[in-house]
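First comes the structure, then the notes that go with it.
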Amino acid sequence: MRKTDKNSNYLLQSNFFTQSVMRGVTEVQKEIIYYLQTLIDFHNPNPKEDIVFNYDDFLKYKKIEKKNTFSVAETFMMCDGLRSINGVFYNTNTKTTVFFNIIDSVSVSDENPNEFRIKFASMGKVFFFEKFAIDYAENNKMSYTQIESSIIDLKGDKRKKLFELLSQFKATGIYRVSLEELKTLLGFIVFVNEKDKSLKSEQLQLQFLFDKSNLTEEYERVEYLIRWADFKRVFLDPAIAEFNSNERLDISHISYNTIKNGRKITSIHFSFQKRLDKSNLSSLHKTALAHFTSYGLTEGQTIFLLQRLGHENMYNRVNSAITFNNHFDNKESKHYRRKIWFKNDTGEEIKNLSGFLYTTVFPELQM
């Protein structure tokens, strides 16, 4: 939950927050939370309890114009609404469910009506600041989730939540979860009591998501998209397609397998790759980058192909399609000391190597 330097593309948040469930949060309120994260230094040893939310800066962050979105007053109401949104997570350290709200208070600035002063609630500080997170975990170092700040571009609060969950495991590229737990964290499984609207009842409805030991008959378990085929078609596959097509996210090639108990699907195993960029290339990738850019491909084209095809496949394609001048050291040949390449299928000299690679060897570059 931090964006402490201008070049950072990441937010850092406590895994308590990643594994939490919030009831009643809208997509815009979720985006407000992400925006607040960009204003915070997660590692600040002396964090403030409040922060200034600037409406105009928020719109710039979302890359939208005033005429196409909520007004200042409506945005204030959504910020203020975060005070009453109920959330819950399961504390594995204490084996208990913990209720929370993010915001304690919101007020309009006297100097600028487009600015709100937001004060975090106690658990909001746990989620947003390392100091309070570590104190909460009784001085034991906690795990954090690093997610891309461009997550705000994703469509829908449930898709954003799924991406948060996957981001926890980007180092390994594997996320295994039961279908029940996944649908619970995403909000497809809820407990409701239509007759009791009290705060205590609302908290119990959240608690039952993690602890059903005291569940009584007046609380009904409600599941949306019950059939696997519907969940897959309506939510899961479109969400993954959006993730894989969004090159601003650094997770790609997301796929999944299902695990069955008899005929019933009980778990999902996700696998994915961390999207490559120049800053996180392995030694093999760096060698391949130098090799293929020497052929005339750009760095961007090469990294795209490394991500999509892998370096071994790239080398194999090139070796199958072209051959370097076999007469380079032959003084009797007209091709002596000429750095040229030939097509393997016809023996014809390649006049424009980078163009040939672009159009023939790697047609993916034209997609």
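Residues are referred to by chain and number: the chain letter is A, B, ... according to the order shown in the structure tokens, the number counts from 1 in that chain, and ligands are numbered separately from 1 in the order shown.
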Residues of region 180-285 of chain A classed as alpha helix (DSSP H) by DSSP on the backbone are to be reported as a ChimeraX atom specification. /A:180-186,199-207,228-231,237-245,283-285
Go ahead and write the residues just picked, N, CA and C atoms, as a tab-separated table (two decimals), in the first residue's frame.
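For reference, result.tsv as written:
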chain	number	residue	atom	x	y	z
A	180	GLU	N	-15.00	-22.70	-2.29
A	180	GLU	CA	-15.79	-22.07	-1.23
A	180	GLU	C	-15.09	-20.82	-0.70
A	181	GLU	N	-13.80	-20.93	-0.42
A	181	GLU	CA	-13.06	-19.78	0.11
A	181	GLU	C	-12.96	-18.66	-0.92
A	182	LEU	N	-12.70	-19.03	-2.16
A	182	LEU	CA	-12.58	-18.02	-3.20
A	182	LEU	C	-13.88	-17.24	-3.37
A	183	LYS	N	-14.99	-17.96	-3.45
A	183	LYS	CA	-16.27	-17.29	-3.64
A	183	LYS	C	-16.65	-16.46	-2.42
A	184	THR	N	-16.19	-16.89	-1.25
A	184	THR	CA	-16.44	-16.12	-0.03
A	184	THR	C	-15.67	-14.80	-0.06
A	185	LEU	N	-14.38	-14.87	-0.38
A	185	LEU	CA	-13.55	-13.67	-0.41
A	185	LEU	C	-14.00	-12.70	-1.51
A	186	LEU	N	-14.54	-13.23	-2.58
A	186	LEU	CA	-15.00	-12.39	-3.69
A	186	LEU	C	-16.40	-11.85	-3.48
A	199	LEU	N	-26.51	-3.58	13.85
A	199	LEU	CA	-25.08	-3.70	13.63
A	199	LEU	C	-24.57	-5.07	14.07
A	200	LYS	N	-25.07	-5.55	15.20
A	200	LYS	CA	-24.65	-6.86	15.70
A	200	LYS	C	-24.99	-7.95	14.70
A	201	SER	N	-26.17	-7.88	14.12
A	201	SER	CA	-26.57	-8.87	13.13
A	201	SER	C	-25.69	-8.79	11.89
A	202	GLU	N	-25.39	-7.58	11.44
A	202	GLU	CA	-24.54	-7.42	10.27
A	202	GLU	C	-23.15	-8.00	10.51
A	203	GLN	N	-22.63	-7.82	11.71
A	203	GLN	CA	-21.33	-8.38	12.03
A	203	GLN	C	-21.38	-9.91	12.08
A	204	LEU	N	-22.47	-10.45	12.60
A	204	LEU	CA	-22.60	-11.91	12.61
A	204	LEU	C	-22.66	-12.46	11.20
A	205	GLN	N	-23.32	-11.75	10.30
A	205	GLN	CA	-23.40	-12.20	8.92
A	205	GLN	C	-22.02	-12.28	8.28
A	206	LEU	N	-21.14	-11.36	8.67
A	206	LEU	CA	-19.77	-11.41	8.19
A	206	LEU	C	-18.97	-12.49	8.90
A	207	GLN	N	-19.19	-12.63	10.19
A	207	GLN	CA	-18.43	-13.62	10.96
A	207	GLN	C	-18.68	-15.03	10.46
A	228	TRP	N	-21.09	-24.08	-11.41
A	228	TRP	CA	-19.73	-23.79	-11.84
A	228	TRP	C	-19.71	-23.18	-13.23
A	229	ALA	N	-20.52	-23.71	-14.13
A	229	ALA	CA	-20.54	-23.22	-15.50
A	229	ALA	C	-20.91	-21.74	-15.54
A	230	ASP	N	-21.83	-21.31	-14.67
A	230	ASP	CA	-22.22	-19.90	-14.63
A	230	ASP	C	-21.12	-19.04	-14.03
A	231	PHE	N	-20.51	-19.49	-12.93
A	231	PHE	CA	-19.43	-18.75	-12.30
A	231	PHE	C	-18.26	-18.58	-13.28
A	237	ASP	N	-13.76	-16.49	-16.22
A	237	ASP	CA	-13.07	-16.41	-17.51
A	237	ASP	C	-12.94	-14.97	-18.03
A	238	PRO	N	-14.01	-14.15	-17.95
A	238	PRO	CA	-13.85	-12.75	-18.39
A	238	PRO	C	-12.83	-11.98	-17.55
A	239	ALA	N	-12.79	-12.26	-16.24
A	239	ALA	CA	-11.82	-11.58	-15.38
A	239	ALA	C	-10.40	-11.93	-15.79
A	240	ILE	N	-10.13	-13.21	-15.99
A	240	ILE	CA	-8.79	-13.63	-16.37
A	240	ILE	C	-8.42	-13.10	-17.75
A	241	ALA	N	-9.38	-13.07	-18.65
A	241	ALA	CA	-9.11	-12.52	-19.99
A	241	ALA	C	-8.70	-11.05	-19.88
A	242	GLU	N	-9.37	-10.31	-18.99
A	242	GLU	CA	-9.00	-8.90	-18.81
A	242	GLU	C	-7.60	-8.77	-18.22
A	243	PHE	N	-7.29	-9.58	-17.23
A	243	PHE	CA	-5.95	-9.53	-16.62
A	243	PHE	C	-4.87	-9.82	-17.67
A	244	ASN	N	-5.07	-10.87	-18.44
A	244	ASN	CA	-4.05	-11.29	-19.40
A	244	ASN	C	-3.86	-10.28	-20.53
A	245	SER	N	-4.90	-9.53	-20.84
A	245	SER	CA	-4.80	-8.57	-21.95
A	245	SER	C	-4.31	-7.20	-21.50
A	283	SER	N	19.30	-13.59	-16.07
A	283	SER	CA	20.51	-13.53	-16.90
A	283	SER	C	20.26	-14.11	-18.29
A	284	LEU	N	19.45	-15.18	-18.38
A	284	LEU	CA	19.12	-15.76	-19.68
A	284	LEU	C	18.31	-14.78	-20.53
A	285	HIS	N	17.37	-14.10	-19.87
A	285	HIS	CA	16.55	-13.13	-20.59
A	285	HIS	C	17.40	-11.94	-21.05
How many Å separate CA of Lys195 (chain A) from CA of Gly81 (chain A)?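 About the pair CA of Lys195 (chain A) and CA of Gly81 (chain A): they are 23.1 Å apart.
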Could you list, as a PDB file with N, CA and C atoms, in the first residue's frame, every residue within 8 Å of region 44-61 of chain A, counting only C-alpha atoms and ignoring same-chain residues fewer than 6 positions away?
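Output contents, as saved in selection23.pdb:
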ATOM      1  N   ILE A  32     -11.287   4.536  -4.329  1.00  0.00           N
ATOM      2  CA  ILE A  32     -10.862   5.549  -3.361  1.00  0.00           C
ATOM      3  C   ILE A  32      -9.823   4.964  -2.414  1.00  0.00           C
ATOM      4  N   TYR A  35      -6.609   4.744  -4.192  1.00  0.00           N
ATOM      5  CA  TYR A  35      -6.022   6.067  -4.336  1.00  0.00           C
ATOM      6  C   TYR A  35      -5.372   6.514  -3.027  1.00  0.00           C
ATOM      7  N   LEU A  36      -6.034   6.277  -1.915  1.00  0.00           N
ATOM      8  CA  LEU A  36      -5.454   6.630  -0.620  1.00  0.00           C
ATOM      9  C   LEU A  36      -4.127   5.907  -0.408  1.00  0.00           C
ATOM     10  N   VAL A  72     -18.163  16.529  -6.654  1.00  0.00           N
ATOM     11  CA  VAL A  72     -17.406  16.626  -5.409  1.00  0.00           C
ATOM     12  C   VAL A  72     -18.264  16.152  -4.242  1.00  0.00           C
ATOM     13  N   THR A  75     -18.692  12.413  -4.295  1.00  0.00           N
ATOM     14  CA  THR A  75     -17.441  11.754  -3.916  1.00  0.00           C
ATOM     15  C   THR A  75     -17.223  11.845  -2.410  1.00  0.00           C
ATOM     16  N   ASN A 114     -12.709  21.251  -2.455  1.00  0.00           N
ATOM     17  CA  ASN A 114     -12.430  20.027  -3.221  1.00  0.00           C
ATOM     18  C   ASN A 114     -11.479  19.087  -2.483  1.00  0.00           C
ATOM     19  N   GLU A 115     -11.156  19.427  -1.236  1.00  0.00           N
ATOM     20  CA  GLU A 115     -10.280  18.586  -0.432  1.00  0.00           C
ATOM     21  C   GLU A 115     -10.993  18.120   0.827  1.00  0.00           C
ATOM     22  N   PHE A 116     -10.793  16.858   1.154  1.00  0.00           N
ATOM     23  CA  PHE A 116     -11.377  16.269   2.367  1.00  0.00           C
ATOM     24  C   PHE A 116     -10.237  15.765   3.248  1.00  0.00           C
ATOM     25  N   ARG A 117     -10.394  15.975   4.531  1.00  0.00           N
ATOM     26  CA  ARG A 117      -9.433  15.411   5.485  1.00  0.00           C
ATOM     27  C   ARG A 117     -10.004  14.105   6.012  1.00  0.00           C
ATOM     28  N   ILE A 118      -9.288  13.028   5.743  1.00  0.00           N
ATOM     29  CA  ILE A 118      -9.751  11.688   6.107  1.00  0.00           C
ATOM     30  C   ILE A 118      -8.909  11.162   7.258  1.00  0.00           C
ATOM     31  N   LYS A 119      -9.571  10.762   8.319  1.00  0.00           N
ATOM     32  CA  LYS A 119      -8.882  10.178   9.469  1.00  0.00           C
ATOM     33  C   LYS A 119      -9.140   8.681   9.493  1.00  0.00           C
ATOM     34  N   PHE A 120      -8.075   7.893   9.592  1.00  0.00           N
ATOM     35  CA  PHE A 120      -8.203   6.447   9.567  1.00  0.00           C
ATOM     36  C   PHE A 120      -8.692   5.909  10.901  1.00  0.00           C
ATOM     37  N   LYS A 125      -5.511   1.891  10.080  1.00  0.00           N
ATOM     38  CA  LYS A 125      -4.070   2.122  10.236  1.00  0.00           C
ATOM     39  C   LYS A 125      -3.287   0.817  10.186  1.00  0.00           C
ATOM     40  N   PHE A 129      -0.454   0.983   7.343  1.00  0.00           N
ATOM     41  CA  PHE A 129       0.873   1.365   7.827  1.00  0.00           C
ATOM     42  C   PHE A 129       1.587   0.180   8.448  1.00  0.00           C
ATOM     43  N   GLU A 130       2.817  -0.028   8.023  1.00  0.00           N
ATOM     44  CA  GLU A 130       3.615  -1.137   8.526  1.00  0.00           C
ATOM     45  C   GLU A 130       3.772  -1.080  10.046  1.00  0.00           C
ATOM     46  N   LYS A 131       3.983   0.115  10.590  1.00  0.00           N
ATOM     47  CA  LYS A 131       4.202   0.254  12.032  1.00  0.00           C
ATOM     48  C   LYS A 131       3.046  -0.350  12.820  1.00  0.00           C
TER      49      LYS A 131
END
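Counting from CA of Phe99 (chain A), the distance to CA of Ser198 (chain A) is 14.8 Å.
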Show me, as a list in words, the residues that have an atom within 7 Å of region 164-178 of chain A when counting only C-alpha atoms, minus same-chain residues fewer than 4 positions from it. Thr18, Thr145, Gln146, Ile147, Lys160, Leu182, Thr266, Ser267, Ile268, His269, Phe270, Ser271, Phe272, Gln273 and Lys274 of chain A
Per DSSP on the backbone, what are the strand (DSSP E or B) residues of region 149-332 of chain A, as a PyMOL selection string? chain A and resi 174-178+189-192+220-223+251-261+264-274+322-324
Could you state the separation of CA of Ser150 (chain A) and CA of Arg248 (chain A) in Å, given to one decimal place?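 Computing the Euclidean distance for CA of Ser150 (chain A) and CA of Arg248 (chain A) yields 6.7 Å.
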Considering only C-alpha atoms, return as an MDAnalysis selection string whatever protein or nucleic-acid residues lie within 7 Å of Tyr219 (chain A), sequence-local ones (same chain, fewer than 4 positions apart) excluded. chainID A and resid 191:193
Region 288-300 of chain A: which residues within 7 Å, counting only C-alpha atoms, same-chain residues fewer than 6 positions away excluded, as a list of chain:residue names?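 The filter keeps A:His311, A:Leu353, A:Ser354.
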Closest of A:Ser84, A:Phe163, A:Leu11, A:Ile189 to Phe127 (chain A) - atom-to-atom distances counting only C-alpha atoms: A:Leu11
